[in-house]
$ cat coords-v1.cif   # mmCIF, C-alpha atoms
data_model
#
loop_
_atom_site.label_atom_id
_atom_site.label_comp_id
_atom_site.auth_asym_id
_atom_site.auth_seq_id
_atom_site.Cartn_x
_atom_site.Cartn_y
_atom_site.Cartn_z
CA MET I 151 0.00 0.00 0.00
CA ASN I 152 1.65 3.25 -1.10
CA GLU I 153 1.81 6.36 1.10
CA THR I 154 -0.84 8.24 -0.90
CA ILE I 155 -3.43 5.48 -0.41
CA LEU I 156 -2.50 5.16 3.26
CA GLU I 157 -2.99 8.89 3.83
CA LYS I 158 -6.38 8.79 2.09
CA LEU I 159 -7.34 5.80 4.23
CA LYS I 160 -6.51 7.67 7.43
CA ILE I 161 -8.57 10.69 6.43
CA LEU I 162 -11.60 8.89 5.02
CA ALA I 163 -11.82 6.22 7.74
CA GLU I 164 -11.81 8.99 10.35
CA SER I 165 -14.54 10.84 8.44
CA ALA I 166 -16.73 7.72 8.28
CA LYS I 167 -16.75 6.89 11.98
CA TYR I 168 -19.82 8.98 12.86
CA ASP I 169 -22.23 6.84 10.84
CA VAL I 170 -23.54 4.07 13.12
CA SER I 171 -25.99 2.35 10.75
CA CYS I 172 -23.78 -0.56 9.77
CA ALA I 173 -25.12 -3.79 11.30
CA SER I 174 -24.68 -6.61 8.81
CA SER I 175 -27.31 -9.13 9.80
CA GLY I 176 -30.22 -10.37 7.77
CA THR I 177 -28.58 -11.82 4.68
CA VAL I 178 -26.65 -14.90 3.60
CA ARG I 179 -24.32 -14.67 0.60
CA SER I 180 -22.27 -17.86 0.60
CA ASN I 181 -18.91 -18.28 -1.05
CA ASN I 182 -18.43 -20.31 -4.21
CA SER I 183 -15.55 -21.66 -6.21
CA GLY I 184 -13.31 -18.87 -7.45
CA GLY I 185 -15.01 -16.21 -5.30
CA LEU I 186 -13.89 -14.17 -2.31
CA GLY I 187 -15.54 -13.83 1.11
CA ASN I 188 -19.01 -14.38 2.52
CA THR I 189 -21.43 -12.34 4.59
CA VAL I 190 -21.21 -14.41 7.75
CA GLY I 191 -17.91 -15.31 8.04
CA GLY I 192 -7.26 -1.85 12.44
CA MET I 193 -7.81 1.28 10.69
CA GLY I 194 -11.23 2.01 9.25
CA ILE I 195 -12.51 -1.34 10.54
CA CYS I 196 -15.69 -1.50 12.57
CA HIS I 197 -17.24 -4.47 14.32
CA SER I 198 -20.77 -5.50 13.58
CA PHE I 199 -22.91 -8.53 14.34
CA ALA I 200 -24.42 -11.23 12.17
CA GLU I 201 -27.91 -12.62 12.69
CA ASP I 202 -26.59 -15.47 14.84
CA GLY I 203 -24.70 -13.05 17.11
CA ARG I 204 -21.21 -13.53 15.70
CA CYS I 205 -18.98 -10.46 15.51
CA ILE I 206 -17.68 -9.61 12.04
CA SER I 207 -15.39 -6.89 10.75
CA LEU I 208 -16.26 -4.32 8.08
CA LEU I 209 -14.11 -1.82 6.26
CA LYS I 210 -16.00 1.37 7.12
CA ILE I 211 -14.89 3.98 4.64
CA MET I 212 -16.01 7.00 2.62
CA LEU I 213 -15.46 7.44 -1.09
CA THR I 214 -14.76 11.12 -0.38
CA ASN I 215 -15.15 13.61 2.46
CA HIS I 216 -15.55 16.53 0.04
CA CYS I 217 -19.14 17.72 0.31
CA ILE I 218 -21.24 20.42 -1.32
CA TYR I 219 -23.52 20.61 1.75
CA ASP I 220 -22.91 22.65 4.90
CA CYS I 221 -24.88 20.67 7.51
CA ALA I 222 -24.30 22.10 10.99
CA TYR I 223 -23.91 18.70 12.69
CA CYS I 224 -21.51 17.11 10.17
CA ILE I 225 -17.73 16.97 10.51
CA ASN I 226 -17.43 16.95 6.71
CA ARG I 227 -19.44 20.15 6.08
CA ARG I 228 -17.93 22.25 3.33
CA SER I 229 -17.09 25.19 5.62
CA ASN I 230 -14.86 23.08 7.88
CA ASP I 231 -11.14 23.51 7.32
CA HIS I 232 -9.72 20.01 7.64
CA PRO I 233 -7.91 17.55 5.34
CA ARG I 234 -9.92 16.30 2.37
CA ALA I 235 -9.38 13.23 0.22
CA THR I 236 -11.09 11.20 -2.49
CA PHE I 237 -10.54 7.60 -3.54
CA THR I 238 -10.73 6.62 -7.16
CA VAL I 239 -12.97 3.65 -7.92
CA ALA I 240 -9.92 1.47 -8.65
CA GLU I 241 -8.18 2.47 -5.39
CA LEU I 242 -11.16 1.64 -3.21
CA VAL I 243 -11.80 -1.68 -4.94
CA GLU I 244 -8.15 -2.68 -4.57
CA LEU I 245 -8.11 -1.59 -0.92
CA THR I 246 -11.17 -3.71 -0.11
CA ILE I 247 -9.76 -6.80 -1.81
CA GLU I 248 -6.35 -6.43 -0.17
CA PHE I 249 -7.90 -5.98 3.29
CA TYR I 250 -9.98 -9.09 2.76
CA ARG I 251 -7.02 -11.17 1.57
CA ARG I 252 -5.13 -10.17 4.71
CA ASN I 253 -8.12 -11.32 6.80
CA TYR I 254 -8.66 -7.82 8.19
CA ILE I 255 -12.30 -7.60 7.08
CA GLU I 256 -15.30 -9.66 6.03
CA GLY I 257 -17.26 -6.91 4.31
CA LEU I 258 -17.55 -3.27 3.25
CA PHE I 259 -19.56 -0.31 4.57
CA LEU I 260 -19.37 2.42 1.92
CA SER I 261 -20.63 5.97 2.35
CA SER I 262 -19.59 9.31 0.90
CA GLY I 263 -19.81 13.05 0.99
CA VAL I 264 -21.58 14.61 -1.98
CA MET I 265 -19.30 15.76 -4.82
CA ARG I 266 -20.81 18.04 -7.50
CA ASN I 267 -24.27 16.46 -7.16
CA ALA I 268 -26.00 13.34 -5.87
CA ASP I 269 -25.89 11.38 -9.14
CA PHE I 270 -22.21 12.12 -9.77
CA THR I 271 -21.30 10.66 -6.35
CA MET I 272 -23.74 7.76 -6.41
CA GLU I 273 -22.56 6.65 -9.85
CA ARG I 274 -19.00 6.19 -8.52
CA MET I 275 -20.18 4.33 -5.44
CA VAL I 276 -22.19 1.96 -7.60
CA ARG I 277 -19.14 1.37 -9.79
CA VAL I 278 -17.17 0.31 -6.70
CA VAL I 279 -19.67 -2.33 -5.57
CA LYS I 280 -20.33 -3.51 -9.14
CA GLU I 281 -16.64 -4.08 -9.79
CA LEU I 282 -16.24 -5.93 -6.50
CA ARG I 283 -19.09 -8.29 -7.37
CA THR I 284 -18.61 -8.79 -11.11
CA VAL I 285 -14.84 -8.46 -11.64
CA HIS I 286 -13.41 -9.75 -8.36
CA ARG I 287 -16.38 -11.99 -7.49
CA PHE I 288 -16.40 -10.64 -3.95
CA ASN I 289 -19.14 -12.38 -1.92
CA GLY I 290 -18.64 -10.56 1.38
CA TYR I 291 -21.24 -8.32 2.93
CA ILE I 292 -21.69 -4.87 1.34
CA HIS I 293 -23.65 -2.01 2.88
CA LEU I 294 -24.09 0.83 0.41
CA LYS I 295 -25.27 4.27 1.49
CA SER I 296 -27.67 5.81 -1.00
CA ILE I 297 -27.11 9.51 -1.61
CA PRO I 298 -30.26 11.61 -0.90
CA GLY I 299 -31.63 12.98 -4.15
CA CYS I 300 -29.96 10.46 -6.47
CA SER I 301 -31.81 8.97 -9.46
CA GLN I 302 -33.95 5.85 -9.40
CA GLU I 303 -31.74 4.18 -12.03
CA LEU I 304 -28.65 4.39 -9.81
CA VAL I 305 -30.53 3.06 -6.77
CA ALA I 306 -31.87 0.21 -8.88
CA GLU I 307 -28.39 -0.72 -10.10
CA GLY I 308 -26.72 -0.39 -6.69
CA GLY I 309 -29.37 -2.58 -5.07
CA LEU I 310 -28.39 -5.51 -7.30
CA TYR I 311 -24.90 -5.62 -5.76
CA ALA I 312 -25.45 -4.46 -2.15
CA ASP I 313 -26.77 -6.60 0.70
CA ARG I 314 -28.17 -3.57 2.48
CA MET I 315 -28.75 0.06 1.52
CA SER I 316 -29.52 3.01 3.76
CA VAL I 317 -30.55 6.64 3.52
CA ASN I 318 -30.01 8.63 6.72
CA MET I 319 -32.81 10.92 7.93
CA GLU I 320 -30.41 12.48 10.50
CA ILE I 321 -32.98 14.85 12.07
CA PRO I 322 -36.44 13.57 13.14
CA THR I 323 -38.46 16.58 11.93
CA GLU I 324 -38.19 18.48 8.65
CA THR I 325 -38.40 21.88 10.36
CA ASN I 326 -35.25 21.20 12.39
CA LEU I 327 -33.56 19.53 9.42
CA LYS I 328 -34.05 22.73 7.42
CA LEU I 329 -32.64 24.70 10.33
CA LEU I 330 -29.41 22.70 10.57
CA ALA I 331 -29.14 21.58 6.93
CA PRO I 332 -30.89 24.22 4.78
CA GLU I 333 -29.92 22.47 1.53
CA LYS I 334 -31.70 19.23 2.47
CA ASP I 335 -35.34 18.23 2.82
CA PHE I 336 -37.32 15.09 3.58
CA GLN I 337 -38.31 14.56 -0.05
CA SER I 338 -34.68 13.91 -1.00
CA VAL I 339 -34.50 11.32 1.81
CA PHE I 340 -37.83 9.55 1.39
CA THR I 341 -37.67 9.32 -2.41
CA PRO I 342 -34.64 6.95 -2.52
CA MET I 343 -36.13 5.08 0.45
CA ARG I 344 -39.19 4.45 -1.70
CA TYR I 345 -37.00 3.37 -4.65
CA ILE I 346 -35.29 0.80 -2.40
CA GLN I 347 -38.60 -0.46 -1.03
CA ASN I 348 -40.15 -0.82 -4.49
CA GLY I 349 -37.06 -2.65 -5.76
CA MET I 350 -37.18 -5.08 -2.84
CA LEU I 351 -40.89 -5.84 -3.26
CA ARG I 352 -40.45 -6.33 -7.00
CA SER I 353 -37.50 -8.67 -6.41
CA ILE I 354 -39.49 -10.77 -3.92
CA GLU I 355 -42.31 -11.22 -6.43
CA GLU I 356 -39.89 -12.10 -9.25
CA ARG I 357 -38.13 -14.70 -7.12
CA LYS I 358 -41.46 -16.38 -6.41
CA LYS I 359 -41.81 -16.97 -10.15
CA PHE I 360 -38.17 -17.42 -11.15
CA ARG I 361 -35.85 -19.16 -8.74
CA TYR I 362 -32.68 -17.50 -10.01
CA ALA I 363 -34.03 -13.97 -10.42
CA PRO I 364 -31.49 -11.45 -9.06
CA ARG I 365 -31.84 -10.43 -5.43
CA PHE I 366 -32.31 -6.76 -4.59
CA VAL I 367 -30.99 -5.52 -1.22
CA PRO I 368 -31.78 -8.84 0.52
CA ALA I 369 -30.94 -7.46 4.00
CA GLY I 370 -33.34 -4.52 3.61
CA GLN I 371 -32.66 -0.88 4.34
CA SER I 372 -31.82 1.15 7.43
CA THR I 373 -31.58 4.77 8.50
CA GLN I 374 -30.05 6.87 11.26
CA LEU I 375 -31.39 9.59 13.57
CA ILE I 376 -29.15 12.01 15.45
CA ILE I 377 -30.25 12.33 19.08
CA GLY I 378 -29.78 15.55 21.04
CA ALA I 379 -28.83 17.98 18.26
CA THR I 380 -32.40 19.28 18.15
CA PRO I 381 -35.09 19.54 20.87
CA GLU I 382 -37.39 16.69 19.77
CA SER I 383 -38.70 14.54 22.60
CA ASP I 384 -38.34 10.77 22.71
CA LYS I 385 -42.03 10.62 21.81
CA ASP I 386 -41.31 12.48 18.56
CA ILE I 387 -38.36 10.22 17.77
CA LEU I 388 -40.15 6.92 18.49
CA ASN I 389 -43.22 8.00 16.50
CA VAL I 390 -40.92 8.56 13.51
CA SER I 391 -39.29 5.16 14.04
CA SER I 392 -42.69 3.46 14.39
CA ALA I 393 -43.84 4.99 11.09
CA LEU I 394 -40.64 3.85 9.37
CA TYR I 395 -41.04 0.28 10.66
CA ARG I 396 -44.44 0.10 9.05
CA ARG I 397 -42.60 0.12 5.72
CA PRO I 398 -41.97 -3.50 4.69
CA SER I 399 -38.36 -2.82 3.69
CA MET I 400 -37.18 -0.98 6.82
CA LYS I 401 -35.11 -3.30 9.01
CA ARG I 402 -33.33 -0.96 11.42
CA VAL I 403 -33.47 2.57 12.74
CA TYR I 404 -30.21 3.56 14.40
CA TYR I 405 -29.88 6.26 17.06
CA SER I 406 -26.68 8.27 17.24
CA GLY I 407 -26.09 10.53 20.23
CA TYR I 408 -25.12 14.01 19.04
CA ILE I 409 -21.35 14.52 19.15
CA PRO I 410 -20.32 18.21 19.27
CA VAL I 411 -17.90 18.18 16.34
CA ASN I 412 -18.79 21.75 15.31
CA ALA I 413 -19.14 23.47 18.66
CA TYR I 414 -18.68 26.89 17.06
CA ASP I 415 -22.08 26.69 15.30
CA LYS I 416 -24.58 28.53 17.51
CA ARG I 417 -27.53 26.56 16.08
CA LEU I 418 -26.30 23.50 17.93
CA PRO I 419 -26.71 22.80 21.67
CA ALA I 420 -23.75 23.25 23.99
CA VAL I 421 -22.98 19.72 25.23
CA ARG I 422 -19.77 18.16 26.47
CA GLN I 423 -20.47 14.57 25.46
CA ALA I 424 -22.94 12.47 23.52
CA PRO I 425 -26.15 11.54 25.43
CA LEU I 426 -25.25 7.86 25.66
CA VAL I 427 -27.77 6.91 28.36
CA ARG I 428 -30.62 8.40 26.32
CA GLU I 429 -29.30 6.65 23.21
CA ASN I 430 -29.29 3.36 25.11
CA ARG I 431 -32.90 3.84 26.29
CA LEU I 432 -34.03 4.60 22.74
CA TYR I 433 -32.48 1.36 21.51
CA GLN I 434 -34.30 -0.51 24.29
CA ALA I 435 -37.59 1.17 23.34
CA ASP I 436 -36.93 0.35 19.69
CA TRP I 437 -36.42 -3.28 20.69
CA LEU I 438 -39.78 -3.26 22.49
CA MET I 439 -41.53 -2.06 19.33
CA ARG I 440 -39.82 -4.58 17.07
CA PHE I 441 -39.90 -7.73 19.18
CA TYR I 442 -42.14 -7.22 22.22
CA GLU I 443 -45.28 -6.02 20.44
CA PHE I 444 -45.34 -2.60 22.14
CA ARG I 445 -46.72 0.43 20.32
CA ALA I 446 -44.83 3.71 20.45
CA ASP I 447 -47.73 5.43 22.26
CA GLU I 448 -47.54 2.81 25.03
CA ILE I 449 -43.86 3.53 25.68
CA VAL I 450 -44.10 7.34 25.51
CA ASP I 451 -47.13 9.62 25.44
CA ASP I 452 -48.17 13.18 26.21
CA ARG I 453 -47.84 12.60 29.97
CA PHE I 454 -44.44 10.93 29.65
CA PRO I 455 -42.88 12.29 26.41
CA ASN I 456 -39.34 11.24 27.36
CA LEU I 457 -37.92 7.90 28.41
CA GLU I 458 -36.72 7.57 31.98
CA LEU I 459 -32.94 7.37 32.28
CA GLU I 460 -32.84 5.46 35.58
CA ILE I 461 -34.91 2.45 34.49
CA ASP I 462 -35.49 0.63 31.21
CA PRO I 463 -38.65 1.39 29.17
CA LYS I 464 -40.37 -1.94 29.88
CA LEU I 465 -39.99 -1.57 33.62
CA ALA I 466 -41.18 2.03 33.37
CA TRP I 467 -44.30 0.90 31.52
CA ALA I 468 -45.02 -1.82 34.07
CA LEU I 469 -44.70 0.60 37.00
CA ARG I 470 -47.11 3.00 35.29
CA HIS I 471 -49.63 0.17 34.70
CA PRO I 472 -49.75 -1.97 37.86
CA GLU I 473 -53.35 -2.91 36.98
CA TYR I 474 -52.02 -5.49 34.48
CA PHE I 475 -50.07 -7.34 37.17
CA PRO I 476 -49.35 -9.81 38.65
CA VAL I 477 -49.32 -12.14 35.65
CA ASP I 478 -49.74 -15.88 36.17
CA VAL I 479 -46.99 -17.36 34.01
CA ASN I 480 -48.78 -20.72 33.96
CA THR I 481 -51.90 -19.37 32.25
CA ALA I 482 -51.10 -16.00 30.62
CA ASP I 483 -50.82 -15.67 26.86
CA TYR I 484 -47.53 -14.99 25.06
CA GLN I 485 -48.23 -11.28 24.52
CA MET I 486 -48.72 -10.66 28.24
CA ILE I 487 -45.71 -12.74 29.27
CA LEU I 488 -43.56 -10.59 26.97
CA ARG I 489 -44.56 -7.51 28.99
CA ILE I 490 -43.24 -8.84 32.29
CA PRO I 491 -40.04 -6.98 33.31
CA GLY I 492 -37.12 -9.40 33.33
CA VAL I 493 -38.62 -11.70 30.67
CA GLY I 494 -37.12 -11.75 27.17
CA VAL I 495 -38.41 -13.15 23.89
CA LYS I 496 -36.46 -16.39 24.23
CA SER I 497 -37.48 -16.97 27.85
CA ALA I 498 -41.14 -16.19 27.05
CA LYS I 499 -41.14 -18.94 24.44
CA LEU I 500 -39.45 -21.33 26.86
CA ILE I 501 -42.17 -20.61 29.43
CA LEU I 502 -44.86 -21.57 26.92
CA SER I 503 -43.04 -24.81 26.11
CA ALA I 504 -42.16 -25.77 29.68
CA ARG I 505 -45.58 -25.19 31.23
CA ARG I 506 -47.12 -27.88 29.04
CA PHE I 507 -45.45 -30.45 31.29
CA GLY I 508 -46.51 -28.99 34.63
CA ARG I 509 -46.93 -25.80 36.62
CA LEU I 510 -43.75 -23.73 36.77
CA THR I 511 -42.03 -22.77 40.00
CA ALA I 512 -39.83 -19.77 40.76
CA GLY I 513 -36.76 -22.02 40.69
CA GLN I 514 -37.65 -23.29 37.22
CA LEU I 515 -38.24 -19.74 35.96
CA LYS I 516 -34.78 -18.77 37.16
CA LYS I 517 -33.26 -21.71 35.29
CA ILE I 518 -35.12 -20.65 32.14
CA GLY I 519 -33.36 -17.29 32.33
CA ILE I 520 -35.91 -14.97 33.92
CA VAL I 521 -34.36 -12.00 35.77
CA MET I 522 -36.17 -12.71 39.01
CA LYS I 523 -34.88 -9.54 40.68
CA LYS I 524 -37.32 -7.64 38.44
CA ALA I 525 -39.90 -10.25 37.57
CA GLN I 526 -40.75 -11.29 41.17
CA TYR I 527 -42.92 -8.20 41.65
CA PHE I 528 -44.96 -8.80 38.51
CA ILE I 529 -45.69 -12.55 38.40
CA THR I 530 -47.36 -15.42 40.16
CA CYS I 531 -46.43 -19.04 39.61
CA ARG I 532 -46.89 -22.21 41.64
CA GLU I 533 -45.68 -20.43 44.75
CA LEU I 534 -47.34 -17.26 45.94
CA PRO I 535 -45.17 -14.13 45.56
CA MET I 536 -44.00 -12.34 48.68
CA HIS I 537 -45.01 -8.92 47.37
CA THR I 538 -46.57 -7.97 44.05
CA VAL I 539 -46.24 -4.50 42.57
CA ASN I 540 -49.71 -3.68 43.83
CA GLU I 541 -49.02 -4.78 47.41
CA ALA I 542 -45.56 -3.22 47.56
CA THR I 543 -46.62 -0.16 45.48
CA PRO I 544 -44.85 0.96 42.27
CA GLU I 545 -42.91 3.59 44.21
CA TYR I 546 -41.41 0.97 46.51
CA VAL I 547 -40.49 -1.34 43.61
CA ARG I 548 -38.80 1.55 41.80
CA LYS I 549 -36.84 2.41 44.94
CA VAL I 550 -35.71 -1.19 45.49
CA LEU I 551 -34.64 -1.66 41.87
CA THR I 552 -32.82 1.66 41.43
CA GLU I 553 -31.31 2.98 44.64
CA PRO I 554 -28.80 0.25 45.57
CA GLY I 555 -27.08 0.30 42.20
CA LYS I 556 -28.09 3.71 40.83
CA LYS I 557 -24.55 5.00 40.40
CA LYS I 558 -23.35 1.73 38.91
CA MET I 559 -26.35 1.60 36.54
CA ILE I 560 -25.65 5.07 35.16
CA ALA I 561 -21.93 4.30 34.83
CA ASP I 562 -22.65 1.04 33.01
CA SER I 563 -25.15 2.71 30.69
CA MET I 564 -22.59 5.35 29.74
CA GLN I 565 -20.29 2.58 28.56
CA LEU I 566 -22.86 0.74 26.46
CA SER I 567 -22.38 0.62 22.73
CA ILE I 568 -25.53 -1.06 21.44
CA ASN I 569 -25.19 -3.27 18.32
CA PHE I 570 -28.59 -4.91 18.06
CA GLU I 571 -28.98 -7.17 15.09
CA SER I 572 -32.00 -6.81 12.81
#
$ encode --input "coords-v1.cif" --output "structure tokens"
Amino acid sequence: MNETILEKLKILAESAKYDVSCASSGTVRSNNSGGLGNTVGGMGICHSFAEDGRCISLLKIMLTNHCIYDCAYCINRRSNDHPRATFTVAELVELTIEFYRRNYIEGLFLSSGVMRNADFTMERMVRVVKELRTVHRFNGYIHLKSIPGCSQELVAEGGLYADRMSVNMEIPTETNLKLLAPEKDFQSVFTPMRYIQNGMLRSIEERKKFRYAPRFVPAGQSTQLIIGATPESDKDILNVSSALYRRPSMKRVYYSGYIPVNAYDKRLPAVRQAPLVRENRLYQADWLMRFYEFRADEIVDDRFPNLELEIDPKLAWALRHPEYFPVDVNTADYQMILRIPGVGVKSAKLILSARRFGRLTAGQLKKIGIVMKKAQYFITCRELPMHTVNEATPEYVRKVLTEPGKKKMIADSMQLSINFES
């Protein structure tokens, strides 16, 4: 690797680190004779997680950090005076292949600033992934960022070679997006999202008729929201996420705590560090919507527009609704068991299976994997509970579960870096 390429790598890997929407689960692209890499199998390398929980490495890189936009929250805004670089298509293809051959990576996450215009940039990004697939027969995972405002033809071509595509919303409301990024609007974001969705649905129908019809973005699409740069409540954010998840192609919404990279811009809030605890709670709430059958308006509403930082969203919901508890784990349906604090999706299914052979005891629930420290106040089983949430009162349960380890809980939450698979 010559010094010019190495210098570009340093600059563009650093510029790419603020995009968090790079989980690689949800697709299987196996290797074949004469090919390189597969989807499940240092510098600019990020760690992501496959559907089965295995950690994999991706080359997370930008084609260029030159950008025609001047977004207040972006390190690569055109008014910033910092080193700029641009890879040629050939350089980036060669870099990816060489990193793979050295066993540094198992896939590619490719994004870019916007040079000249959206189509000019997107055309070069598509050329990179097309050459990797068709010339080098690279079968590793590829996540391709779609440039807002690019043409339908380029999205359609890129989707044939990428496993996942994404278009970042960045700001949850268009009013605040226009404030911080006057050159952008929601139409430029939602239009390529719709192109990706239509391509996926068309591909699914074609593959029902023709077994070897080409796949289009088999791992779906994702997006990213910046948290804390604008004054939206968690209710506003989760309502946006809920609406996005109603789209059949949307697999993940990522939440990125605002990092003050441009502290001089007076439109941005004065913060010292990213709101990591809030980011963590949003991921937990997102998980509840995707896998625990919660609606956004159950997690946050007009009375409680923001998630509590001291306790997780499911526990907060349970303490606000003691009338639903205690739940008899030996008779309750799956949906209600999922709402018990301390019970996960896997353990809820195990409860349904195990209780067919006899009434469950507290000891058996613990072996299944229930977090009894939380669940004991919200369940009944073969033994009678010592105190339910109604007898002990929600205030007492909150005190017991938060005060002894409050400082440790906040410290641990600050260290969390959530990488939930889709």
$ atom_distance --input "coords-v1.cif" --atom1 "atom CA of I:Leu418" --atom2 "atom CA of I:Pro332"
13.9 Å
$ atom_distance --input "coords-v1.cif" --atom1 "atom CA of I:Leu258" --atom2 "atom CA of I:Leu209"
4.8 Å
$ closest_residue --input "coords-v1.cif" --among "I:Val450, I:Ala268, I:Ala222, I:Leu551" --to "I:Lys416" --atoms "all atoms listed in the file"
I:Ala222
$ resolve_selection --input "coords-v1.cif" --expression "the PyMOL selection byres ((chain I and resi 518) around 12)" --output "JSON list (two decimals) with C-alpha atoms, in the frame of the given file"
[["chain", "number", "residue", "atom", "x", "y", "z"],
["I", 492, "GLY", "CA", -37.12, -9.40, 33.33],
["I", 493, "VAL", "CA", -38.62, -11.70, 30.67],
["I", 494, "GLY", "CA", -37.12, -11.75, 27.17],
["I", 495, "VAL", "CA", -38.41, -13.15, 23.89],
["I", 496, "LYS", "CA", -36.46, -16.39, 24.23],
["I", 497, "SER", "CA", -37.48, -16.97, 27.85],
["I", 498, "ALA", "CA", -41.14, -16.19, 27.05],
["I", 499, "LYS", "CA", -41.14, -18.94, 24.44],
["I", 500, "LEU", "CA", -39.45, -21.33, 26.86],
["I", 501, "ILE", "CA", -42.17, -20.61, 29.43],
["I", 502, "LEU", "CA", -44.86, -21.57, 26.92],
["I", 503, "SER", "CA", -43.04, -24.81, 26.11],
["I", 504, "ALA", "CA", -42.16, -25.77, 29.68],
["I", 505, "ARG", "CA", -45.58, -25.19, 31.23],
["I", 510, "LEU", "CA", -43.75, -23.73, 36.77],
["I", 511, "THR", "CA", -42.03, -22.77, 40.00],
["I", 512, "ALA", "CA", -39.83, -19.77, 40.76],
["I", 513, "GLY", "CA", -36.76, -22.02, 40.69],
["I", 514, "GLN", "CA", -37.65, -23.29, 37.22],
["I", 515, "LEU", "CA", -38.24, -19.74, 35.96],
["I", 516, "LYS", "CA", -34.78, -18.77, 37.16],
["I", 517, "LYS", "CA", -33.26, -21.71, 35.29],
["I", 519, "GLY", "CA", -33.36, -17.29, 32.33],
["I", 520, "ILE", "CA", -35.91, -14.97, 33.92],
["I", 521, "VAL", "CA", -34.36, -12.00, 35.77],
["I", 522, "MET", "CA", -36.17, -12.71, 39.01]]
$ closest_residue --input "coords-v1.cif" --among "I:Arg548, I:Lys210, I:Arg532, I:Lys328" --to "I:Tyr291" --atoms "all atoms listed in the file"
I:Lys210
$ axis_aligned_box --input "coords-v1.cif" --around "stretch 243-257 of chain I" --padding-each-side "5 Å" --output "JSON"
{"center_x": -11.2, "center_y": -6.5, "center_z": 1.6, "size_x": 22.1, "size_y": 19.7, "size_z": 23.1}
$ resolve_selection --input "coords-v1.cif" --expression "the PyMOL selection byres ((chain I and resi 316-322) around 7)" --output "list in words"
Leu294, Lys295, Ser296, Ile297, Pro298, Arg314, Met315, Thr323, Glu324, Asn326, Leu327, Val339, Met343, Gln371, Ser372, Thr373, Gln374, Leu375, Ile376, Ile387 and Val390 of chain I
$ atom_distance --input "coords-v1.cif" --atom1 "atom CA of I:Asn412" --atom2 "atom CA of I:Ile161"
17.5 Å
$ resolve_selection --input "coords-v1.cif" --expression "the PyMOL selection byres ((chain I and resi 275) around 12)" --output "ChimeraX atom specification"
/I:211-214,236-240,242-243,258-265,268-274,276-282,292-297,300,304-305,307-309,311-312,315
$ write_last_selection --input "coords-v1.cif" --atoms "C-alpha atoms" --output "mmCIF file, in the coordinates of the input"
data_model
loop_
_atom_site.group_PDB
_atom_site.id
_atom_site.type_symbol
_atom_site.label_atom_id
_atom_site.label_comp_id
_atom_site.auth_asym_id
_atom_site.auth_seq_id
_atom_site.Cartn_x
_atom_site.Cartn_y
_atom_site.Cartn_z
ATOM 1 C CA ILE I 211 -14.890 3.980 4.640
ATOM 2 C CA MET I 212 -16.010 7.000 2.620
ATOM 3 C CA LEU I 213 -15.460 7.440 -1.090
ATOM 4 C CA THR I 214 -14.760 11.120 -0.380
ATOM 5 C CA THR I 236 -11.090 11.200 -2.490
ATOM 6 C CA PHE I 237 -10.540 7.600 -3.540
ATOM 7 C CA THR I 238 -10.730 6.620 -7.160
ATOM 8 C CA VAL I 239 -12.970 3.650 -7.920
ATOM 9 C CA ALA I 240 -9.920 1.470 -8.650
ATOM 10 C CA LEU I 242 -11.160 1.640 -3.210
ATOM 11 C CA VAL I 243 -11.800 -1.680 -4.940
ATOM 12 C CA LEU I 258 -17.550 -3.270 3.250
ATOM 13 C CA PHE I 259 -19.560 -0.310 4.570
ATOM 14 C CA LEU I 260 -19.370 2.420 1.920
ATOM 15 C CA SER I 261 -20.630 5.970 2.350
ATOM 16 C CA SER I 262 -19.590 9.310 0.900
ATOM 17 C CA GLY I 263 -19.810 13.050 0.990
ATOM 18 C CA VAL I 264 -21.580 14.610 -1.980
ATOM 19 C CA MET I 265 -19.300 15.760 -4.820
ATOM 20 C CA ALA I 268 -26.000 13.340 -5.870
ATOM 21 C CA ASP I 269 -25.890 11.380 -9.140
ATOM 22 C CA PHE I 270 -22.210 12.120 -9.770
ATOM 23 C CA THR I 271 -21.300 10.660 -6.350
ATOM 24 C CA MET I 272 -23.740 7.760 -6.410
ATOM 25 C CA GLU I 273 -22.560 6.650 -9.850
ATOM 26 C CA ARG I 274 -19.000 6.190 -8.520
ATOM 27 C CA VAL I 276 -22.190 1.960 -7.600
ATOM 28 C CA ARG I 277 -19.140 1.370 -9.790
ATOM 29 C CA VAL I 278 -17.170 0.310 -6.700
ATOM 30 C CA VAL I 279 -19.670 -2.330 -5.570
ATOM 31 C CA LYS I 280 -20.330 -3.510 -9.140
ATOM 32 C CA GLU I 281 -16.640 -4.080 -9.790
ATOM 33 C CA LEU I 282 -16.240 -5.930 -6.500
ATOM 34 C CA ILE I 292 -21.690 -4.870 1.340
ATOM 35 C CA HIS I 293 -23.650 -2.010 2.880
ATOM 36 C CA LEU I 294 -24.090 0.830 0.410
ATOM 37 C CA LYS I 295 -25.270 4.270 1.490
ATOM 38 C CA SER I 296 -27.670 5.810 -1.000
ATOM 39 C CA ILE I 297 -27.110 9.510 -1.610
ATOM 40 C CA CYS I 300 -29.960 10.460 -6.470
ATOM 41 C CA LEU I 304 -28.650 4.390 -9.810
ATOM 42 C CA VAL I 305 -30.530 3.060 -6.770
ATOM 43 C CA GLU I 307 -28.390 -0.720 -10.100
ATOM 44 C CA GLY I 308 -26.720 -0.390 -6.690
ATOM 45 C CA GLY I 309 -29.370 -2.580 -5.070
ATOM 46 C CA TYR I 311 -24.900 -5.620 -5.760
ATOM 47 C CA ALA I 312 -25.450 -4.460 -2.150
ATOM 48 C CA MET I 315 -28.750 0.060 1.520
#
